[in-house]
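In what follows, a structure is listed as C-alpha cells, so that the remarks can point back to it.
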Amino acid sequence: MSRAKLNKRQLRERVVSFLENRQHETFSLKQLFSAMRLTTHPLKVMCVDVLNELLDDETIYRNYDGEVGWNGAASQVVEGVMRRTATGRNYVEAPDGQNISIHDEDSMHALNGDTVKVALYARGKRQSKLCGEVIEIVKRSNKPVVGQLNVSHGTAMLVRPDGLLPCDVLIPSGRLKGGKDGDKALVEIVDWPDEARNPIGRVKEIFGRVGENETEMHAILAEYGLPYTYPKEVERAADEISDRITPADMEGREDFRQVTTFTIDPHDAKDFDDALSIRSLPKGRYEVGVHIADVSHYVTEGSIIDKEAQKRGTSIYLVDRTLPMLPERLCNYICSLRPDEDKLTFSVIFEMDEEGKVYASRIVHTIIRSDRRFAYEEVQAILEQNGEADDIEGHIPVAANKRTGEYADELITLNRMAHQLRKNRMHTGAIDFDREEMRFEIDEKGHPTEVYFKVAKDANKLVEEFMLLANRTVAESVGKVKKGQKAKTLPYRVHDLPDPNRLDNLAQFVERFKYHIVTQGSKVEVAKSINKLLNDVRGDKIQNLVETVSLRAMMKAKYSTHNIGHYGLAFDYYTHFTSPIRRYPDLMVHRLLTRYAGGGASASQKKYEGLCEHSSAMEQLATAAERASIKYKMVEFMSDKIGQEFDARISGVTEAGVYAEIVDNHCEGFIGVRFLGNEAFDFDEKNYCLIGRKSHYRYSIGDDIRIKVARANLFRKTLDFDFVKKYH
C-alpha cells in the first residue's frame with residue numbers, strides 16, 4: 001500500500017511500530033517525517049494528529065526539546081530500580097523518569113536499590129499515578145545496611161530508623177561477629193525466603209556503641225558506601241615520595257618565587273591547593289597568577305595512589321573531620337602550598353587591569369614560594385579596615401597612602417578586580433545563590449557546643465572569582481576551537497538549563513507570596529528574573545524557603561566530556577582545574593592539559609566519560625554524607641535543651657503538622673498537628689497552611705511562633721517541638 005493511501009488507523013500502527021522498535025531514540029517532527037517518508041502535507045497533518053493521540057494515552061512522550069519517543073512505561077512490564085522511602089511509600093524508578101507506586105505486599109521482598117520488573121496495573125482516566133506489582137527481582141543491590149542491634153533472649157535483630165527496609169533484619173547468633181545489644185553495625189542481607197517475614201543477615205562490621213561520636217560518623221560514611229579509613233599500603237606509597245625539588249623538576253617551569261604570592265583559606269585548613277600572585281605591569285595593568293598545586297607531578301596515572309584517589313573521587317567533609325582523597329603526606333605536606341616553601345604548581349597567568357578586563361592569559365607549569373598564609377577572616381578584616389568591603393554598608397575607601405594591613409595594596413587590587421568579574425558574570429546571566437551554611441564548634445569528644453553560620457563575604461568572593469576565571473580559561477583553551485575543528489577530550493563541569501516543570505512550579509509557588517519570576521524567554525532573562533527574586537526575598541520571613549525551592553528548580557551540576565556549558569555561572573565553557581588535592585576531575589584536567597601542551601592526541605572520550613560519571617556519583621554521595629552529619633549534630637546539639645523555649649518560624653506545612661526553624665540557630669523540628677490546638681484542622685495545600693475548623697486559626701509558612709523542645713531522637717535524626725504560642 002502506498003503511503004499516499006494510508007488511513008489514520010494504518011498510519012498509527014506504523015508510527016507505533018517505528019517508535020517501539022527505537023525505544024532509546026527521540027525524534028523531531030522533521031526527523032520523523034523523513035524517516036517514515038511522509039512527504040505530502042495531508043500525511044504530515046494526519047501524523048501530527050496521531051502523535052497527539054499517542055501523547056494523550058501516554059504511549060509516547062515528548063521531551064523538553066519537543067522530540068517524541070516511545071514511552072517504556074506504556075508497556076505492561078517495566079524494568080526499573082526499587083526505591084523505599086522513610087514514609088513507607090515505595091516506588092519503582094522507571095528509565096523514562098516515571099515512578100511506579102508499589103504496595104509492600106506487592107514488592108516480592110524487593111529491597112532499596114534492587115533492579116526489578118514491574119507489571120503495571122490498569123489506570124483510570126482520572127488516575128495520574130502509575131501503580132504496579134513486582135513480578136521479578138532481576139538483580140539485588142547487595143548494598144549492606146546500617147542499623148542498631150537489638151539482642152534479646154538469643155534473638156538478634158538489626159533495626160533501621162529510616163523505613164528503607166519494610167521490617168527488621170534477623171541475624172543468627174553465629175553471624176553476630178561479637179555484636180552486642182545497643183551496638184551500631186553494618187549488616188549484609190544474605191537471604192529472604194518467600195515465606196519469611198524478615199530478611200536474614202550477617203554482621204560485616206561493628207562500629208561501636210550507639211550515640212558515640214566515632215560510631216555515628218563511621219556509620220554515616222558506611223551508609224553511603226564511603227571509606228572511613230585510609231589504606232596503609234597507599235600511605236606507605238606516599239611516604240616513599242620525595243619532597244625534594246630537583247633541577248629536573250624545574251625544567252620547563254616559570255619561576256614565580258620572587259613575585260608576591262599568598263594563600264587564602266579557611267582558618268582550620270591544612271591543604272592549601274591554590275595561591276594568588278600579583279605584580280604591576282606598565283600602562284596600569286597587572287599580572288595575576290592563579291597557582292594550583294601540581295598534584296599530577298607526584299601522583300602518576302595508574303599508580304596505587306592514583307587508583308585510590310580515582311575510587312574516592314573527592315575528599316569528604318563531615319562536621320568534625322575531613323576524609324582526604326589523597327594520603328595526608330601529599331595533601332597536607334608535599335602538595336600543600338605552605339608559606340616559605342618552594343612548591344611545584346600548575347598556573348593560569350592573566351594580564352589584567354583593575355576593571356577586571358583580561359588582555360592575555362597563558363597556562364604554564366610553575367614554581368612558587370608563598371609569602372603569607374591568610375585565613376579568610378584576616379583578609380576580610382584588612383578589606384574592612386580600608387573601606388573596601390561591600391559587606392559593610394556605606395563603606396568609604398581609605399586613601400592609598402593611608403592603607404593598613406599586610407599586603408593591603410595587593411589584596412585591595414585583587415578585591416576590586418573580583419568585584420568587577422562578579423558584576424560581569426551577573427550581567428551575563430549568572431545566578432547568585434549565596435546561601436549561608438550551618439557549622440558547629442566541636443569539643444574534644446565530638447559534641448557540638450555552638451552553632452555558627454558560614455557566610456560568603458568579600459574575602460571569600462575574591463578567591464572564588466579568580467578560581468572561576470581560571471577554570472573557565474582552562475576549559476576555553478581546550479574546548480573553544482575554530483569552526484570545523486573538533487575539540488579534544490576534556491572533563492567539563494556542566495550545568496543544564498532548569499527543568500521547565502520545576503520552573504513553572506517555582507513561579508506558581510512564589511506567586512502565592514506576591515513575588516514573580518519569568519519562565520519564558522532567553523536563558524539570560526530567566527536567570528536575571530531568578531536573581532531579582534532572590535534579591536527581593538532577602539530579609540523576608542520566607543527567604544530560606546524560597547531559596548530552597550529555587551535551588552530545587554535547578555538541575556544538578558555534574559562532570560561530563562560532553563560540553564553543554566554551565567547555566568548557573570553563565571559560562572559556555574567551564575571545568576574544574578583549581579582543586580586537584582581534593583577533587584579527582586581536577587587531576588584529570590591537569591594531566592590532559594600537560595598531554596595536549598606536548599602535542600599529544602585527544603584522549604579516549606569513552607574512558608573519560610566513565611570517569612566523569614563516577615566522579616559525579618561520588619560527589620553526590622559525599623554531599624549526602626555531609627548533610628547527614630550536619631543533621632545528626634543538629635539533633636545532638638539540641639538534645640540537652642529539652643524543655644527549653646525558643647522563638648521560631650514555620651518553615652514547612654504538611655497535612656501531618658508544621659516544621660519550625662529556631663530563629664537563633666536554624667535547627668528545625670516538627671510539631672504534630674495534634675499539638676497545635678484542641679480541634680481538627682484542614683490542610684490548604686495551595687496556600688501552605690493549616691486552618692482550624694472551629695477557630696479558623698491559620699498556621700502558615702513564615703509565621704513567627706514560640707516553641708518548646710520536646711524530643712531529640714538521635715537514632716532517627718529528628719527533632720520534635722511543642723507549640724507554645726503564635727506571635728501576631
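Going by the C-alpha cells order, chains are called A, B, ..., each with residues numbered from 1, while ligands are numbered from 1 in the order shown.
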Please identify the strand (DSSP E or B) residues within region 340-573 of chain A (assignment by DSSP from backbone atoms) and present them as a PyMOL selection string. chain A and resi 342-353+358-369+372-375+437-442+448-454+492-495+558-560+566+571
Hey, what's within 7 Å of region 243-254 of chain A if we count only C-alpha atoms and toss same-chain stuff fewer than 5 positions away? As a PDB file with C-alpha atoms, in the first residue's frame, please?
```
ATOM      1  CA  ILE A 334      54.192  17.883  49.852  1.00  0.00           C
ATOM      2  CA  HIS A 365      53.848  24.882  34.866  1.00  0.00           C
ATOM      3  CA  THR A 366      55.484  26.999  37.552  1.00  0.00           C
ATOM      4  CA  ILE A 367      57.329  27.048  40.849  1.00  0.00           C
TER       5      ILE A 367
END
```
Selection: 10 Å around Ala625 (chain A), only C-alpha atoms, excl. self and same-chain fewer than 2 positions, as a ChimeraX atom specification: /A:217,219-226,316-319,619-623,627-631
Writing out the chosen residues with C-alpha atoms as a PDB file, in the first residue's frame:
```
ATOM      1  CA  MET A 217      30.384   9.301  61.935  1.00  0.00           C
ATOM      2  CA  ALA A 219      28.105   4.685  60.389  1.00  0.00           C
ATOM      3  CA  ILE A 220      27.123   7.688  58.252  1.00  0.00           C
ATOM      4  CA  LEU A 221      30.041   7.061  55.895  1.00  0.00           C
ATOM      5  CA  ALA A 222      29.237   3.346  55.681  1.00  0.00           C
ATOM      6  CA  GLU A 223      25.594   4.182  54.994  1.00  0.00           C
ATOM      7  CA  TYR A 224      26.652   5.915  51.781  1.00  0.00           C
ATOM      8  CA  GLY A 225      29.298   3.358  50.884  1.00  0.00           C
ATOM      9  CA  LEU A 226      32.128   5.799  51.610  1.00  0.00           C
ATOM     10  CA  ILE A 316      34.734  14.096  52.163  1.00  0.00           C
ATOM     11  CA  TYR A 317      33.924  16.810  54.686  1.00  0.00           C
ATOM     12  CA  LEU A 318      31.887  15.794  57.716  1.00  0.00           C
ATOM     13  CA  VAL A 319      31.122  18.092  60.624  1.00  0.00           C
ATOM     14  CA  GLU A 619      30.443  13.862  44.724  1.00  0.00           C
ATOM     15  CA  GLN A 620      26.722  13.309  45.338  1.00  0.00           C
ATOM     16  CA  LEU A 621      27.412  10.606  47.929  1.00  0.00           C
ATOM     17  CA  ALA A 622      29.932  12.820  49.729  1.00  0.00           C
ATOM     18  CA  THR A 623      27.428  15.701  49.792  1.00  0.00           C
ATOM     19  CA  ARG A 627      24.311  16.662  55.159  1.00  0.00           C
ATOM     20  CA  ALA A 628      23.602  13.574  57.251  1.00  0.00           C
ATOM     21  CA  SER A 629      26.433  14.502  59.641  1.00  0.00           C
ATOM     22  CA  ILE A 630      25.079  18.061  59.943  1.00  0.00           C
ATOM     23  CA  LYS A 631      21.584  16.733  60.648  1.00  0.00           C
TER      24      LYS A 631
END
```
Taking only region 286-358 of chain A into account, list the residues labelled alpha helix (DSSP H) by DSSP (computed from the backbone), as a list in words. Val295, Ser296, His297, Tyr298, Ile304, Ile305, Asp306, Lys307, Glu308, Ala309, Gln310, Lys311, Arg312 and Glu328 of chain A
Residues near Tyr407 (chain A), anyone? I mean within 9 Å using only C-alpha atoms, not counting same-chain ones fewer than 4 positions away, as a list in words.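 The residues satisfying every condition are Thr260, Ile382, Leu411 and Ile412 of chain A.
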Got time to write the residues from that selection, C-alpha atoms, as a PDB file, in the first residue's frame?
```pdb
ATOM      1  CA  THR A 260      54.297  38.463  45.850  1.00  0.00           C
ATOM      2  CA  ILE A 382      42.087  44.144  56.086  1.00  0.00           C
ATOM      3  CA  LEU A 411      44.533  42.462  48.423  1.00  0.00           C
ATOM      4  CA  ILE A 412      42.600  45.630  47.608  1.00  0.00           C
TER       5      ILE A 412
END
```
Using only C-alpha atoms, find the one residue out of A:Cys47, A:Ala119, A:Ala553, A:Ile542 that sits nearest to Asp499 (chain A).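 Smallest separation from Asp499 (chain A) among the options: A:Ala553.
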Using only C-alpha atoms, determine which residues lie at most 8 Å from Met588 (chain A), disregarding the query and same-chain residues fewer than 4 positions distant; provide the list as a VMD selection string. chain A and resid 491 584 592
Distance query Phe256 (chain A) at most 10 Å, only C-alpha atoms, self and fewer than 4 positions along chain excluded, as a CSV table (one decimal) with C-alpha atoms, in the first residue's frame:
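As a result, selection-v3.csv now contains:
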```csv
chain,number,residue,atom,x,y,z
A,260,THR,CA,54.3,38.5,45.9
A,261,THR,CA,52.2,35.4,46.5
A,277,SER,CA,50.2,36.2,43.0
A,289,GLY,CA,48.7,34.3,38.8
A,291,HIS,CA,48.7,28.9,41.1
A,342,ASP,CA,59.2,26.1,47.3
A,345,THR,CA,52.4,24.4,40.7
A,366,THR,CA,55.5,27.0,37.6
A,367,ILE,CA,57.3,27.0,40.8
A,368,ILE,CA,56.2,29.4,43.6
A,369,ARG,CA,57.1,30.4,47.2
A,370,SER,CA,54.1,31.7,49.2
```
Identify, on the basis of only C-alpha atoms, every residue whose closest approach to Gly132 (chain A) does not exceed 6 Å; exclude the query and any residue fewer than 5 positions from it along the same chain; express the result as an mmCIF file with C-alpha atoms, in the first residue's frame.
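part34.cif, freshly written:
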```cif
data_model
loop_
_atom_site.group_PDB
_atom_site.id
_atom_site.type_symbol
_atom_site.label_atom_id
_atom_site.label_comp_id
_atom_site.auth_asym_id
_atom_site.auth_seq_id
_atom_site.Cartn_x
_atom_site.Cartn_y
_atom_site.Cartn_z
ATOM 1 C CA ILE A 102 4.301 -0.294 44.808
ATOM 2 C CA ALA A 119 3.670 -5.405 35.932
ATOM 3 C CA LEU A 120 1.602 -2.244 35.596
ATOM 4 C CA TYR A 121 -1.984 -2.083 36.777
#
```
